[in-house]
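Everything below concerns the one structure shown next.
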Amino acid sequence: MIQSLHQQSEELRDNGSSSLALTELALQRAAAADGEGARVFTRLYADSARAAASASDTLRSAGIVRSPIEGLPVSIKDLFDVAGETTLAGSVALRGYPAATESAVVVKRLIAAGAVIVGRTNMTEFAYSGLGINPHYGTPRNPWQREVDGGRIPGGSSSGAAISVTDGMAVAGVGSDTGGSIRIPAAFCGITGFKPTARRVPMQGVLPLSENLDSIGAMAPTVLCCAMMDAVLAGEEFVAPVAHPLRGLRLLYPTNVVRDGMDEHVAAGMQAAIAKLSAAGAVIVEQDIPAFNELAAINAKGGFTAAEAWAWHRQLIAERKDHYDQRVVSRILRGKDMSAADLLDVLHGRRRWIAKVEQQLAGYDALLMPTVPIVAPKIADLQTGDDAYYAANGLILRNPTLVNFLDGCAVSLPCHAAGTAPVGLSLAAAGGNDHRLLSIALAVETLLKQ
């Protein structure tokens with residue numbers, strides 16, 4: 001059983017442990033020869049983590065606690081600038097490029113809050129895939145059926161972030177989410193992931209994929225953990241969410257798009273969760289969201305991600321195309337053929353699309369859907385051919401991408417039976433409803449654990 005941030009914070013408060021002891025344990029797990037650490041981290045900060053932990057213990061002994069995550073070991077995705085280091089973003093193409101002169105805002109906020117950063121986590125190269133496969137640094141293996149047939153994908157792009165949590169190398173993993181990169185690994189690995197409204201957390205010092213869609217959040221054992229991390233990342237004072245009453249809660253469960261291709265195990269997990277919610281007095285309304293059928297056409301030429309990725313990468317590709325993961329660079333190159341008019345079509349189309357979806361959501365407390373419609377595929381099955389890779393990638397990104405395009409917020413909660421393949425249940429809302437959504441998620445999480 002993974003300990004939550006709240007539990008570990010209580011242990012530190014009650015002198016049952018120390019930040020240094022927690023950090024040493026996390027580092028030991030990360031460095032274990034028979035563990036996943038070599039695939040999870042692209043860089044460990046063993047010395048600086050120990051120093052930060054010791055400083056935290058000293059401050060705590062003097063009665064100084066900077067935040068609810070004081071002294072807790074966390075990981076950061078290999079996408080965030082750290083002063084003095086080159087941000088590689090899970091690639092080798094940027095090796096030898098200039099180091100960052102200052103750390104990303106979110107890294108500064110974590111340090112100021114007393115978090116102990118144990119290392120940078122592996123990821124899909126340049127965050128451009130939902131699978132988590134990385135040919136340069138290896139692919140962290142999903143904790144479910146890890147030793148069977150080479151293991152299953154962790155989900156991406158924040159792959160290492162998720163496994164750092166499931167394997168006790170960190171109590172929370174900070175990642176980015178452009179089309180599901182926090183929620184997908186959370187769903188596949190059986191933990192909780194929160195994607196906030198994008199504008200709440202600054203992107204300064206973060207290597208971008210799509211400035212129109214990128215957001216920063218955390219994966220952790222529970223909703224409360226994610227709320228604690230979110231407050232730090234957003235620069236807010238932490239106020240613990242209070243569970244929203246389930247009786248009378250109105251949840252919209254779309255009948256179109258989000259269930260297409262859903263496997264039997266995910267369907268069973270969703271039905272069991274819905275039955276519990278209904279028994280607790282929640283009102284589940286099943287209906288079409290017609291706008292969902294329009295998104296594929298709006299993004300047919302590659303959407304924001306291809307256009308904005310091409311703009312950022314075009315010079316690097318000209319210099320070092322052969323250094324890229326070819327399945328990543330091929331998707332970036334789609335943006336080369338997009339015109340300014342094509343991009344404007346997406347911008348205008350998004351505005352109209354958001355208005356339609358928000359109008360339909362107005363009578364509901366949250367949107368309900370499977371985070372991902374299938375269980376995690378085997379790594380080997382996706383490495384053998386491009387067709388399987390791209391088909392799985394499209395299916396896995398489809399549902400969470402809806403929320404990014406909506407400019408909304410979403411949380412993925414585990415809803416599978418113990419000992420079975422992880423399944424994520426997603427709750428989402430229009431942008432700006434983050435705190436209310438966390439309160440709803442807390443109530444749903446409590447119910448699902450009963």
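Ligands are numbered from 1 in the order shown, chains are lettered A, B, ... in the order of the structure tokens, and residues start at 1 in each chain.
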
Rows by chain and residue number, range 85-122 of chain A within 12 Å of range 326-347 of chain A, shortest pair, only C-alpha atoms, as CSV:
residue,atom,partner,partner_atom,distance
A:Gly90,CA,A:Val328,CA,11.4
A:Ser91,CA,A:Val328,CA,10.3
A:Ala93,CA,A:Val329,CA,11.1

If you run DSSP on the backbone here, which positions in range 259-423 of chain A get strand (DSSP E)? Please write them as a PDB file with N, CA, C and O atoms, in the first residue's frame.
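The result, stored in selection19.pdb:
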ATOM      1  N   VAL A 283     -26.949  11.275  -9.531  1.00  0.00           N
ATOM      2  CA  VAL A 283     -27.784  11.135 -10.719  1.00  0.00           C
ATOM      3  C   VAL A 283     -26.862  11.050 -11.931  1.00  0.00           C
ATOM      4  O   VAL A 283     -26.153  12.004 -12.253  1.00  0.00           O
ATOM      5  N   ILE A 284     -26.849   9.900 -12.595  1.00  0.00           N
ATOM      6  CA  ILE A 284     -26.001   9.685 -13.766  1.00  0.00           C
ATOM      7  C   ILE A 284     -26.877   9.813 -15.006  1.00  0.00           C
ATOM      8  O   ILE A 284     -27.807   9.027 -15.191  1.00  0.00           O
ATOM      9  N   VAL A 285     -26.608  10.804 -15.823  1.00  0.00           N
ATOM     10  CA  VAL A 285     -27.383  11.027 -17.043  1.00  0.00           C
ATOM     11  C   VAL A 285     -26.524  10.606 -18.238  1.00  0.00           C
ATOM     12  O   VAL A 285     -25.406  11.086 -18.415  1.00  0.00           O
ATOM     13  N   GLU A 286     -27.055   9.705 -19.053  1.00  0.00           N
ATOM     14  CA  GLU A 286     -26.340   9.231 -20.229  1.00  0.00           C
ATOM     15  C   GLU A 286     -26.954   9.867 -21.471  1.00  0.00           C
ATOM     16  O   GLU A 286     -28.143   9.693 -21.739  1.00  0.00           O
ATOM     17  N   GLN A 287     -26.141  10.614 -22.203  1.00  0.00           N
ATOM     18  CA  GLN A 287     -26.620  11.242 -23.430  1.00  0.00           C
ATOM     19  C   GLN A 287     -25.441  11.602 -24.335  1.00  0.00           C
ATOM     20  O   GLN A 287     -24.290  11.676 -23.899  1.00  0.00           O
ATOM     21  N   ALA A 366     -20.353  17.547 -13.093  1.00  0.00           N
ATOM     22  CA  ALA A 366     -19.106  17.087 -13.710  1.00  0.00           C
ATOM     23  C   ALA A 366     -19.412  16.146 -14.860  1.00  0.00           C
ATOM     24  O   ALA A 366     -20.512  15.591 -14.969  1.00  0.00           O
ATOM     25  N   LEU A 367     -18.416  15.985 -15.704  1.00  0.00           N
ATOM     26  CA  LEU A 367     -18.442  15.027 -16.798  1.00  0.00           C
ATOM     27  C   LEU A 367     -17.797  13.740 -16.310  1.00  0.00           C
ATOM     28  O   LEU A 367     -16.782  13.767 -15.613  1.00  0.00           O
ATOM     29  N   LEU A 368     -18.376  12.610 -16.649  1.00  0.00           N
ATOM     30  CA  LEU A 368     -17.885  11.304 -16.218  1.00  0.00           C
ATOM     31  C   LEU A 368     -17.539  10.472 -17.441  1.00  0.00           C
ATOM     32  O   LEU A 368     -18.319  10.409 -18.399  1.00  0.00           O
ATOM     33  N   MET A 369     -16.366   9.825 -17.448  1.00  0.00           N
ATOM     34  CA  MET A 369     -16.007   8.948 -18.558  1.00  0.00           C
ATOM     35  C   MET A 369     -14.809   8.095 -18.161  1.00  0.00           C
ATOM     36  O   MET A 369     -14.119   8.400 -17.183  1.00  0.00           O
ATOM     37  N   PRO A 370     -14.553   7.021 -18.911  1.00  0.00           N
ATOM     38  CA  PRO A 370     -13.319   6.277 -18.656  1.00  0.00           C
ATOM     39  C   PRO A 370     -12.136   7.148 -19.069  1.00  0.00           C
ATOM     40  O   PRO A 370     -12.165   7.767 -20.136  1.00  0.00           O
ATOM     41  N   CYS A 409     -10.584  21.143 -16.497  1.00  0.00           N
ATOM     42  CA  CYS A 409      -9.801  20.467 -15.462  1.00  0.00           C
ATOM     43  C   CYS A 409     -10.354  19.060 -15.311  1.00  0.00           C
ATOM     44  O   CYS A 409     -11.531  18.810 -15.608  1.00  0.00           O
ATOM     45  N   ALA A 410      -9.515  18.133 -14.869  1.00  0.00           N
ATOM     46  CA  ALA A 410      -9.951  16.741 -14.778  1.00  0.00           C
ATOM     47  C   ALA A 410      -9.092  15.969 -13.797  1.00  0.00           C
ATOM     48  O   ALA A 410      -7.923  16.293 -13.581  1.00  0.00           O
ATOM     49  N   VAL A 411      -9.700  14.943 -13.228  1.00  0.00           N
ATOM     50  CA  VAL A 411      -8.985  14.056 -12.326  1.00  0.00           C
ATOM     51  C   VAL A 411      -9.276  12.620 -12.735  1.00  0.00           C
ATOM     52  O   VAL A 411     -10.395  12.310 -13.156  1.00  0.00           O
ATOM     53  N   SER A 412      -8.254  11.772 -12.668  1.00  0.00           N
ATOM     54  CA  SER A 412      -8.439  10.346 -12.925  1.00  0.00           C
ATOM     55  C   SER A 412      -8.313   9.595 -11.609  1.00  0.00           C
ATOM     56  O   SER A 412      -7.322   9.757 -10.885  1.00  0.00           O
ATOM     57  N   LEU A 413      -9.323   8.790 -11.308  1.00  0.00           N
ATOM     58  CA  LEU A 413      -9.357   8.008 -10.072  1.00  0.00           C
ATOM     59  C   LEU A 413      -9.334   6.517 -10.401  1.00  0.00           C
ATOM     60  O   LEU A 413     -10.016   6.084 -11.327  1.00  0.00           O
ATOM     61  N   PRO A 414      -8.605   5.705  -9.644  1.00  0.00           N
ATOM     62  CA  PRO A 414      -8.667   4.254  -9.873  1.00  0.00           C
ATOM     63  C   PRO A 414     -10.043   3.714  -9.489  1.00  0.00           C
ATOM     64  O   PRO A 414     -10.599   4.087  -8.455  1.00  0.00           O
TER      65      PRO A 414
END

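Here the DSSP assignment of alpha helix (DSSP H), based on backbone atoms, applies within range 115-185 of chain A to Ser159, Gly160, Ala161, Ala162, Ile163, Ser164, Val165, Thr166, Arg183, Ile184 and Pro185 of chain A.
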
Quiz item: Of the candidates A:Ile117, A:Arg60, A:Ala441, A:Thr166, which one gets nearest to Asp14 in chain A if we count only C-alpha atoms?
Solution: A:Arg60

Quiz prompt | Which residue of A:Ile298, A:Ala421, A:Ala240, A:Ala32 approaches Asp263 in chain A most closely, using only C-alpha atoms | solution = A:Ala421

Exercise. Considering only C-alpha atoms, return as a list in words whatever protein or nucleic-acid residues lie within 8 Å of Asn393 in chain A, sequence-local ones (same chain, fewer than 5 positions apart) excluded.
Key: Ser129, Gly130 and Leu131 of chain A

Could you take the residues named above and write them with all heavy atoms, as an mmCIF file, in the first residue's frame?
data_model
loop_
_atom_site.group_PDB
_atom_site.id
_atom_site.type_symbol
_atom_site.label_atom_id
_atom_site.label_comp_id
_atom_site.auth_asym_id
_atom_site.auth_seq_id
_atom_site.Cartn_x
_atom_site.Cartn_y
_atom_site.Cartn_z
ATOM 1 N N SER A 129 3.428 11.709 -27.056
ATOM 2 C CA SER A 129 2.760 10.409 -27.190
ATOM 3 C C SER A 129 2.139 10.058 -25.852
ATOM 4 O O SER A 129 2.644 10.453 -24.803
ATOM 5 C CB SER A 129 3.742 9.314 -27.605
ATOM 6 O OG SER A 129 3.178 8.028 -27.405
ATOM 7 N N GLY A 130 1.064 9.304 -25.893
ATOM 8 C CA GLY A 130 0.398 8.891 -24.671
ATOM 9 C C GLY A 130 0.801 7.511 -24.176
ATOM 10 O O GLY A 130 0.212 7.000 -23.230
ATOM 11 N N LEU A 131 1.817 6.903 -24.805
ATOM 12 C CA LEU A 131 2.168 5.516 -24.486
ATOM 13 C C LEU A 131 3.258 5.391 -23.423
ATOM 14 O O LEU A 131 3.254 4.447 -22.638
ATOM 15 C CB LEU A 131 2.610 4.782 -25.761
ATOM 16 C CG LEU A 131 1.601 4.810 -26.922
ATOM 17 C CD1 LEU A 131 2.154 4.051 -28.118
ATOM 18 C CD2 LEU A 131 0.257 4.242 -26.492
#

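Excluding Met123 in chain A and any residue on its chain fewer than 6 positions from it, the residues at most 8 Å away by only C-alpha atoms are A:Lys77, A:Asp78, A:Ala89, A:Gly90, A:Gly132, A:Ile133, A:Asn134, A:Gly156, A:Ser157, A:Ser158, A:Ser159, A:Gly160, A:Ala161.
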
Once you have the residues from the selection above, write them out as a PDB file, in the first residue's frame, restricted to all heavy atoms.
ATOM      1  N   LYS A  77       9.256  15.888 -13.849  1.00  0.00           N
ATOM      2  CA  LYS A  77       9.388  15.401 -15.217  1.00  0.00           C
ATOM      3  C   LYS A  77      10.580  16.075 -15.898  1.00  0.00           C
ATOM      4  O   LYS A  77      10.882  17.239 -15.631  1.00  0.00           O
ATOM      5  CB  LYS A  77       8.084  15.708 -15.967  1.00  0.00           C
ATOM      6  CG  LYS A  77       7.947  15.089 -17.345  1.00  0.00           C
ATOM      7  CD  LYS A  77       6.536  15.394 -17.863  1.00  0.00           C
ATOM      8  CE  LYS A  77       6.270  14.750 -19.216  1.00  0.00           C
ATOM      9  NZ  LYS A  77       4.881  14.990 -19.661  1.00  0.00           N
ATOM     10  N   ASP A  78      11.221  15.362 -16.780  1.00  0.00           N
ATOM     11  CA  ASP A  78      12.403  15.868 -17.476  1.00  0.00           C
ATOM     12  C   ASP A  78      12.024  16.912 -18.526  1.00  0.00           C
ATOM     13  O   ASP A  78      12.476  16.877 -19.669  1.00  0.00           O
ATOM     14  CB  ASP A  78      13.145  14.697 -18.134  1.00  0.00           C
ATOM     15  CG  ASP A  78      14.525  15.092 -18.653  1.00  0.00           C
ATOM     16  OD1 ASP A  78      15.061  16.109 -18.197  1.00  0.00           O
ATOM     17  OD2 ASP A  78      15.045  14.373 -19.533  1.00  0.00           O
ATOM     18  N   ALA A  89      14.144  16.727 -21.971  1.00  0.00           N
ATOM     19  CA  ALA A  89      12.789  16.316 -22.341  1.00  0.00           C
ATOM     20  C   ALA A  89      12.720  14.891 -22.877  1.00  0.00           C
ATOM     21  O   ALA A  89      12.043  14.610 -23.865  1.00  0.00           O
ATOM     22  CB  ALA A  89      12.193  17.296 -23.356  1.00  0.00           C
ATOM     23  N   GLY A  90      13.446  13.978 -22.238  1.00  0.00           N
ATOM     24  CA  GLY A  90      13.394  12.583 -22.634  1.00  0.00           C
ATOM     25  C   GLY A  90      14.036  12.301 -23.974  1.00  0.00           C
ATOM     26  O   GLY A  90      13.815  11.252 -24.573  1.00  0.00           O
ATOM     27  N   GLY A 132       4.212   6.304 -23.425  1.00  0.00           N
ATOM     28  CA  GLY A 132       5.302   6.232 -22.444  1.00  0.00           C
ATOM     29  C   GLY A 132       6.510   5.460 -22.914  1.00  0.00           C
ATOM     30  O   GLY A 132       7.433   5.209 -22.145  1.00  0.00           O
ATOM     31  N   ILE A 133       6.540   5.071 -24.178  1.00  0.00           N
ATOM     32  CA  ILE A 133       7.672   4.322 -24.722  1.00  0.00           C
ATOM     33  C   ILE A 133       8.807   5.295 -25.067  1.00  0.00           C
ATOM     34  O   ILE A 133       8.576   6.325 -25.706  1.00  0.00           O
ATOM     35  CB  ILE A 133       7.248   3.528 -25.972  1.00  0.00           C
ATOM     36  CG1 ILE A 133       6.275   2.412 -25.563  1.00  0.00           C
ATOM     37  CG2 ILE A 133       8.440   2.966 -26.712  1.00  0.00           C
ATOM     38  CD1 ILE A 133       5.663   1.660 -26.728  1.00  0.00           C
ATOM     39  N   ASN A 134      10.023   4.974 -24.626  1.00  0.00           N
ATOM     40  CA  ASN A 134      11.173   5.828 -24.906  1.00  0.00           C
ATOM     41  C   ASN A 134      12.346   4.965 -25.375  1.00  0.00           C
ATOM     42  O   ASN A 134      12.856   4.146 -24.606  1.00  0.00           O
ATOM     43  CB  ASN A 134      11.571   6.630 -23.666  1.00  0.00           C
ATOM     44  CG  ASN A 134      12.635   7.671 -23.970  1.00  0.00           C
ATOM     45  OD1 ASN A 134      13.716   7.359 -24.451  1.00  0.00           O
ATOM     46  ND2 ASN A 134      12.336   8.933 -23.676  1.00  0.00           N
ATOM     47  N   GLY A 156       1.796   7.598 -21.086  1.00  0.00           N
ATOM     48  CA  GLY A 156       2.668   8.756 -21.236  1.00  0.00           C
ATOM     49  C   GLY A 156       1.856  10.029 -21.391  1.00  0.00           C
ATOM     50  O   GLY A 156       0.629  10.004 -21.364  1.00  0.00           O
ATOM     51  N   SER A 157       2.545  11.120 -21.478  1.00  0.00           N
ATOM     52  CA  SER A 157       3.990  11.097 -21.629  1.00  0.00           C
ATOM     53  C   SER A 157       4.742  11.067 -20.303  1.00  0.00           C
ATOM     54  O   SER A 157       5.949  10.799 -20.266  1.00  0.00           O
ATOM     55  CB  SER A 157       4.442  12.328 -22.432  1.00  0.00           C
ATOM     56  OG  SER A 157       4.113  13.534 -21.763  1.00  0.00           O
ATOM     57  N   SER A 158       4.035  11.331 -19.189  1.00  0.00           N
ATOM     58  CA  SER A 158       4.698  11.398 -17.877  1.00  0.00           C
ATOM     59  C   SER A 158       4.883   9.997 -17.287  1.00  0.00           C
ATOM     60  O   SER A 158       4.406   9.686 -16.187  1.00  0.00           O
ATOM     61  CB  SER A 158       3.897  12.283 -16.920  1.00  0.00           C
ATOM     62  OG  SER A 158       3.597  13.533 -17.484  1.00  0.00           O
ATOM     63  N   SER A 159       5.597   9.154 -18.010  1.00  0.00           N
ATOM     64  CA  SER A 159       5.726   7.740 -17.655  1.00  0.00           C
ATOM     65  C   SER A 159       6.504   7.522 -16.365  1.00  0.00           C
ATOM     66  O   SER A 159       6.032   6.868 -15.432  1.00  0.00           O
ATOM     67  CB  SER A 159       6.402   6.994 -18.806  1.00  0.00           C
ATOM     68  OG  SER A 159       7.637   7.622 -19.152  1.00  0.00           O
ATOM     69  N   GLY A 160       7.720   8.065 -16.308  1.00  0.00           N
ATOM     70  CA  GLY A 160       8.545   7.891 -15.114  1.00  0.00           C
ATOM     71  C   GLY A 160       7.922   8.502 -13.885  1.00  0.00           C
ATOM     72  O   GLY A 160       8.087   7.992 -12.769  1.00  0.00           O
ATOM     73  N   ALA A 161       7.181   9.596 -14.065  1.00  0.00           N
ATOM     74  CA  ALA A 161       6.530  10.253 -12.928  1.00  0.00           C
ATOM     75  C   ALA A 161       5.568   9.294 -12.229  1.00  0.00           C
ATOM     76  O   ALA A 161       5.531   9.219 -10.993  1.00  0.00           O
ATOM     77  CB  ALA A 161       5.790  11.498 -13.395  1.00  0.00           C
TER      78      ALA A 161
END

Self-check item: Residue neighbourhood Arg351 in chain A, 12 Å, only C-alpha atoms, exclusion window fewer than 2 positions, as a ChimeraX atom specification
Solution: /A:212,291,295,298,344-349,353-358,405-407

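Among A:Asp149, A:Asp214, A:Glu85, A:Asp322, the residue with the shortest atom-to-atom distance to Gly175 in chain A, counting only C-alpha atoms, is A:Asp214.
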
Select from range 121-218 of chain A every residue with an atom at most 8 Å from any atom of range 61-74 of chain A, then for each give the shortest pair of atoms and their distance in Å to one decimal, using only C-alpha atoms, rows by chain and rising number, as a tab-separated table.
residue	atom	partner	partner_atom	distance
A:Met169	CA	A:Pro73	CA	7.8
A:Ala170	CA	A:Val74	CA	4.7
A:Val171	CA	A:Val74	CA	5.6
A:Ala172	CA	A:Val74	CA	5.0
A:Gly173	CA	A:Val74	CA	5.8
A:Val174	CA	A:Val74	CA	7.5
